[in-house]
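Peer 1: First the structure, then my questions, so here it is.
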Amino acid sequence: MNRCKWVNLKNKLYVGYHDNEWGKPNYDDKYMFELLVLESFQAGLSWECILNKRKAFREAFDNFDYYKISKYDEKKIEELFNNSNIVRNRLKINATINNAKVFIKIQKEFGSFSNYIWKFTEGKIIKNMDNNFKTTTELSDNVSKDLKRRGMKFVGSTIIYSYLQAIGVINDHELECDFY
């Protein structure tokens, strides 16, 4: 099987993520929130590092229940900050709580976060037509700006580009990849 060259074939989690999730259109708000959190924690680190800690993140962040996360208090923040199984970054932890609140507001405004995010492409999937990969585009710039305007943190254009790839708005599988 041909896969994108960036996949570490020795890591079953990474192979499974590539084969079953990355680049596949997703419309589930819970999944979209999970990936938004993970992508924000990935900033400055490798995706493989975050993927390897994904189970611990799920446990630490109440299975990415954004309603619960939006109500986290100082005690819970300290618990997360002291959890050696996740990335312990106070700014990112606080951003996750903040982003959960904004996520809920967006859901209320658009009916779902999925409706909001897919409106940027009018429901269309942006498909890579060559192997000239980018880290930002006009699309990621626009989504990033709008999320920041709404109050989200750790949603720069590079993070959002990765996020859009992860949830399948952008299909950036390499041309030689069987999942292209």
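Within each chain, counting starts at residue 1; across the structure tokens, chains are named A, B, ... in the order shown, with ligands numbered 1 upward in that order.
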Do a neighbour search on Asn85 in chain A at 10 Å with only C-alpha atoms, toss out local chain neighbours closer than 5 positions, and write the hits as a list in words.

Peer 2: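 Within the cut-off, the hits are Asn52, Lys53, Arg54, Lys55, Ala56, Phe57, Glu59, Ala60 and Leu80 of chain A.
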
Peer 1: So, counting only C-alpha atoms, which residue among A:Ser112, A:Arg88, A:Ser40, A:Arg3 is closest to Gly156 in chain A?

Peer 2: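 Answer, going by the shortest atom-to-atom distance: A:Ser40.
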
Peer 1: Hey, what does DSSP flag as helix (DSSP H, G or I) within range 58-173 of chain A? Can you give it to me as JSON, numbers by chain?

Peer 2: {"A": [58, 59, 60, 62, 63, 64, 66, 67, 68, 69, 74, 75, 76, 77, 78, 79, 80, 81, 90, 91, 92, 93, 94, 95, 96, 97, 98, 99, 100, 101, 102, 103, 104, 105, 106, 107, 108, 109, 110, 113, 114, 115, 116, 117, 118, 119, 138, 139, 140, 141, 142, 143, 144, 145, 146, 147, 148, 149, 157, 158, 159, 160, 161, 162, 163, 164, 165, 166]}

Peer 1: Create the file for the chosen residues now, containing C-alpha atoms and written as a PDB file, in the first residue's frame.

Peer 2:
ATOM      1  CA  ARG A  58      -9.168  12.214  25.943  1.00  0.00           C
ATOM      2  CA  GLU A  59      -9.041  11.030  29.540  1.00  0.00           C
ATOM      3  CA  ALA A  60      -7.689  14.317  30.893  1.00  0.00           C
ATOM      4  CA  ASP A  62     -13.343  14.501  29.745  1.00  0.00           C
ATOM      5  CA  ASN A  63     -13.469  12.845  26.322  1.00  0.00           C
ATOM      6  CA  PHE A  64     -13.390  16.322  24.744  1.00  0.00           C
ATOM      7  CA  TYR A  66     -16.760  20.935  25.296  1.00  0.00           C
ATOM      8  CA  TYR A  67     -19.609  21.692  27.710  1.00  0.00           C
ATOM      9  CA  LYS A  68     -17.631  20.240  30.618  1.00  0.00           C
ATOM     10  CA  ILE A  69     -14.407  21.843  29.436  1.00  0.00           C
ATOM     11  CA  GLU A  74      -8.640  26.514  38.708  1.00  0.00           C
ATOM     12  CA  LYS A  75      -8.560  23.122  40.435  1.00  0.00           C
ATOM     13  CA  LYS A  76      -9.088  21.323  37.127  1.00  0.00           C
ATOM     14  CA  ILE A  77      -6.521  23.560  35.403  1.00  0.00           C
ATOM     15  CA  GLU A  78      -3.930  22.596  38.054  1.00  0.00           C
ATOM     16  CA  GLU A  79      -4.839  18.932  37.628  1.00  0.00           C
ATOM     17  CA  LEU A  80      -4.258  19.209  33.881  1.00  0.00           C
ATOM     18  CA  PHE A  81      -1.044  21.177  34.335  1.00  0.00           C
ATOM     19  CA  ARG A  90      -0.842  26.432  30.872  1.00  0.00           C
ATOM     20  CA  LEU A  91      -1.500  28.777  27.931  1.00  0.00           C
ATOM     21  CA  LYS A  92      -2.792  25.907  25.794  1.00  0.00           C
ATOM     22  CA  ILE A  93      -4.882  24.508  28.656  1.00  0.00           C
ATOM     23  CA  ASN A  94      -6.466  27.921  29.235  1.00  0.00           C
ATOM     24  CA  ALA A  95      -6.960  28.345  25.483  1.00  0.00           C
ATOM     25  CA  THR A  96      -8.810  25.017  25.347  1.00  0.00           C
ATOM     26  CA  ILE A  97     -11.248  26.185  28.028  1.00  0.00           C
ATOM     27  CA  ASN A  98     -11.719  29.508  26.271  1.00  0.00           C
ATOM     28  CA  ASN A  99     -12.106  27.816  22.878  1.00  0.00           C
ATOM     29  CA  ALA A 100     -14.757  25.451  24.254  1.00  0.00           C
ATOM     30  CA  LYS A 101     -16.844  28.495  25.212  1.00  0.00           C
ATOM     31  CA  VAL A 102     -16.398  30.061  21.766  1.00  0.00           C
ATOM     32  CA  PHE A 103     -17.100  26.699  20.086  1.00  0.00           C
ATOM     33  CA  ILE A 104     -20.460  26.530  21.875  1.00  0.00           C
ATOM     34  CA  LYS A 105     -21.316  30.085  20.802  1.00  0.00           C
ATOM     35  CA  ILE A 106     -20.479  29.215  17.188  1.00  0.00           C
ATOM     36  CA  GLN A 107     -22.701  26.119  17.416  1.00  0.00           C
ATOM     37  CA  LYS A 108     -25.590  28.243  18.636  1.00  0.00           C
ATOM     38  CA  GLU A 109     -25.096  30.781  15.857  1.00  0.00           C
ATOM     39  CA  PHE A 110     -24.745  28.289  12.977  1.00  0.00           C
ATOM     40  CA  PHE A 113     -19.657  23.950  14.334  1.00  0.00           C
ATOM     41  CA  SER A 114     -19.629  21.754  11.233  1.00  0.00           C
ATOM     42  CA  ASN A 115     -22.006  24.153   9.465  1.00  0.00           C
ATOM     43  CA  TYR A 116     -19.713  27.020  10.415  1.00  0.00           C
ATOM     44  CA  ILE A 117     -16.444  25.451   9.234  1.00  0.00           C
ATOM     45  CA  TRP A 118     -17.817  23.988   5.997  1.00  0.00           C
ATOM     46  CA  LYS A 119     -19.386  27.319   5.002  1.00  0.00           C
ATOM     47  CA  GLU A 138      -6.049  32.125   1.894  1.00  0.00           C
ATOM     48  CA  LEU A 139      -8.653  29.690   3.276  1.00  0.00           C
ATOM     49  CA  SER A 140      -6.705  28.985   6.469  1.00  0.00           C
ATOM     50  CA  ASP A 141      -5.969  32.707   6.809  1.00  0.00           C
ATOM     51  CA  ASN A 142      -9.694  33.511   6.586  1.00  0.00           C
ATOM     52  CA  VAL A 143     -10.795  30.794   9.020  1.00  0.00           C
ATOM     53  CA  SER A 144      -8.032  31.757  11.443  1.00  0.00           C
ATOM     54  CA  LYS A 145      -8.963  35.443  11.331  1.00  0.00           C
ATOM     55  CA  ASP A 146     -12.617  34.684  11.906  1.00  0.00           C
ATOM     56  CA  LEU A 147     -11.937  32.323  14.821  1.00  0.00           C
ATOM     57  CA  LYS A 148      -9.621  34.902  16.404  1.00  0.00           C
ATOM     58  CA  ARG A 149     -12.240  37.603  15.904  1.00  0.00           C
ATOM     59  CA  SER A 157      -3.246  30.084  10.060  1.00  0.00           C
ATOM     60  CA  THR A 158      -0.716  27.210  10.177  1.00  0.00           C
ATOM     61  CA  ILE A 159      -2.633  25.437  12.958  1.00  0.00           C
ATOM     62  CA  ILE A 160      -5.893  25.974  11.091  1.00  0.00           C
ATOM     63  CA  TYR A 161      -4.423  24.675   7.833  1.00  0.00           C
ATOM     64  CA  SER A 162      -3.408  21.460   9.637  1.00  0.00           C
ATOM     65  CA  TYR A 163      -6.835  21.338  11.226  1.00  0.00           C
ATOM     66  CA  LEU A 164      -8.617  21.681   7.884  1.00  0.00           C
ATOM     67  CA  GLN A 165      -6.470  18.831   6.560  1.00  0.00           C
ATOM     68  CA  ALA A 166      -7.262  16.713   9.615  1.00  0.00           C
TER      69      ALA A 166
END

Peer 1: For CA of Asn8 in chain A and CA of Ile126 in chain A, quote the distance in Å rounded to one decimal.

Peer 2: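 Straight-line distance from CA of Asn8 in chain A to CA of Ile126 in chain A works out to 24.7 Å.
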
Peer 1: From a DSSP calculation on the backbone, collect every residue of range 3-175 of chain A in strand (DSSP E) and output the set as a ChimeraX atom specification.

Peer 2: /A:126-127,170-171
